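One structure below.
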Amino acid sequence: MARRIKFVDAYNEDDPKNSSLFNFRDGYMCKEQMRQLDKYMKTTKVVYDQAERSPYYTEADQYLDEKKLIATKEGEEPNANQRFKSRGYKRNIISNSITKKDKIYTSLNPFYVVQDENDTTLVFEGRFESGNLKRVIQIEEFEYDVLLRNDYNSQGYTQWYYFSVSNTKKDVKYLFNLKNFFKPDSLYNQGMKPLIYSTKRAEETGVGWYRGGEDICYYPNSNKRKSGPGNMCTLSFSVEFVYEKDEVFFAHCFPFTYRD
């Protein structure tokens, strides 16, 4: 019988550090409750929003860079219902006699613009195929609250997540709180880890997706469900990036898109 292939950095049930898995639960929940009080709230800022316009740009077409535009074929008729799209990102515009083909960009400009070399803020992105990032709030310098779009063809259910971050700093512990999950419990409390893809690691070593992260805990938060009893749940985990200025992707499981 063929030997089963193991994930890189997969969960090891014999690892002693997994015996303290549930010790994070009380700490995370207490930390969230303290933040509900205004006197404990620090200055926060929105660093990603899927619906709102970014305050870090002044141009009308802030997310569009004509240098990233893919050329269209000649001889096609104008279309009254044009759309801009980049890896799933779309928005309606008024017809301006562009050839009868959607404008397609290799990527979009990010919501947040890094201010200078000393700016440690992560640049989040979810406007690509299968991405479902909705809103990100920076709570502290290296901590972020992440809201996800609901799963397609569901009534407010959320389990999938897929997004990327860039402007990473090496050997710094970042904490991510994914705050609007629906399930009351998860395999993340039994050793499962988020799926991670480091662009620089893949280029240098050939290693693609791998399971990683520390201080992982899945727990109920203070947000009530819009439908049905109970509260929404949060998945919290920390990550130390290996490379400076890397682009790193996080997902619940291996993304399998139309491009694949």
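Labels used: A, B, ... for chains in the order of the structure tokens, numbers from 1 for residues in each chain, and numbers from 1 for ligands as shown.
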
* Could you give me, as a PyMOL selection string, the residues within 12 Å of region 197-211 of chain A, counting only C-alpha atoms and dropping anything in the same chain fewer than 4 positions from it? => chain A and resi 6-12+162-166+168+188+191-193+216+239-255

* Who sits within 10 Å of region 49-55 of chain A, only C-alpha atoms, same chain under 3 positions skipped, as a PyMOL selection string -> chain A and resi 46+58+60+62-63+89+110-113+124-127+132-137+147-149

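Considering only C-alpha atoms, the residue among A:Thr106, A:Asn189, A:Asn150, A:Gln155 positioned nearest to Gly228 (chain A) is A:Gln155.
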
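Between CA of Val123 (chain A) and CA of Arg225 (chain A) there is a distance of 28.9 Å.
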
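Each of A:Tyr56, A:Phe182, A:Tyr157, A:Tyr48 was compared to Pro220 (chain A) using only C-alpha atoms, and A:Phe182 turns out to be the nearest.
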
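Note that CA of Asn109 (chain A) and CA of Lys169 (chain A) are 20.6 Å apart.
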
* What is the CA of Pro229 (chain A)-CA of Glu143 (chain A) distance in Å, reported with one decimal? -> 29.1 Å

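The smallest atom-to-atom distance between Thr44 (chain A) and any of A:Lys31, A:Thr120, A:Gln138, A:Tyr105, using only C-alpha atoms, is found for A:Gln138.
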
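Every residue of region 54-241 of chain A found in helix (DSSP H, G or I) when DSSP is run on the backbone appears here: Glu66, Lys67, Lys68, Leu187, Tyr188, Asn189, Gln190, Thr199, Lys200, Arg201, Ala202, Glu203, Glu204 and Thr205 of chain A.
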
Could you save those same residues with C-alpha atoms as an mmCIF file, in the first residue's frame?
data_model
loop_
_atom_site.group_PDB
_atom_site.id
_atom_site.type_symbol
_atom_site.label_atom_id
_atom_site.label_comp_id
_atom_site.auth_asym_id
_atom_site.auth_seq_id
_atom_site.Cartn_x
_atom_site.Cartn_y
_atom_site.Cartn_z
ATOM 1 C CA GLU A 66 -3.765 51.221 -17.037
ATOM 2 C CA LYS A 67 -0.292 49.673 -17.030
ATOM 3 C CA LYS A 68 -1.927 46.465 -15.791
ATOM 4 C CA LEU A 187 -11.323 21.085 13.773
ATOM 5 C CA TYR A 188 -9.032 24.030 14.479
ATOM 6 C CA ASN A 189 -9.564 23.138 18.144
ATOM 7 C CA GLN A 190 -8.337 19.601 17.441
ATOM 8 C CA THR A 199 5.370 33.462 -2.669
ATOM 9 C CA LYS A 200 9.070 33.841 -1.856
ATOM 10 C CA ARG A 201 9.264 30.430 -0.222
ATOM 11 C CA ALA A 202 7.704 28.839 -3.299
ATOM 12 C CA GLU A 203 10.202 30.604 -5.571
ATOM 13 C CA GLU A 204 13.241 29.641 -3.489
ATOM 14 C CA THR A 205 12.392 26.123 -2.304
#
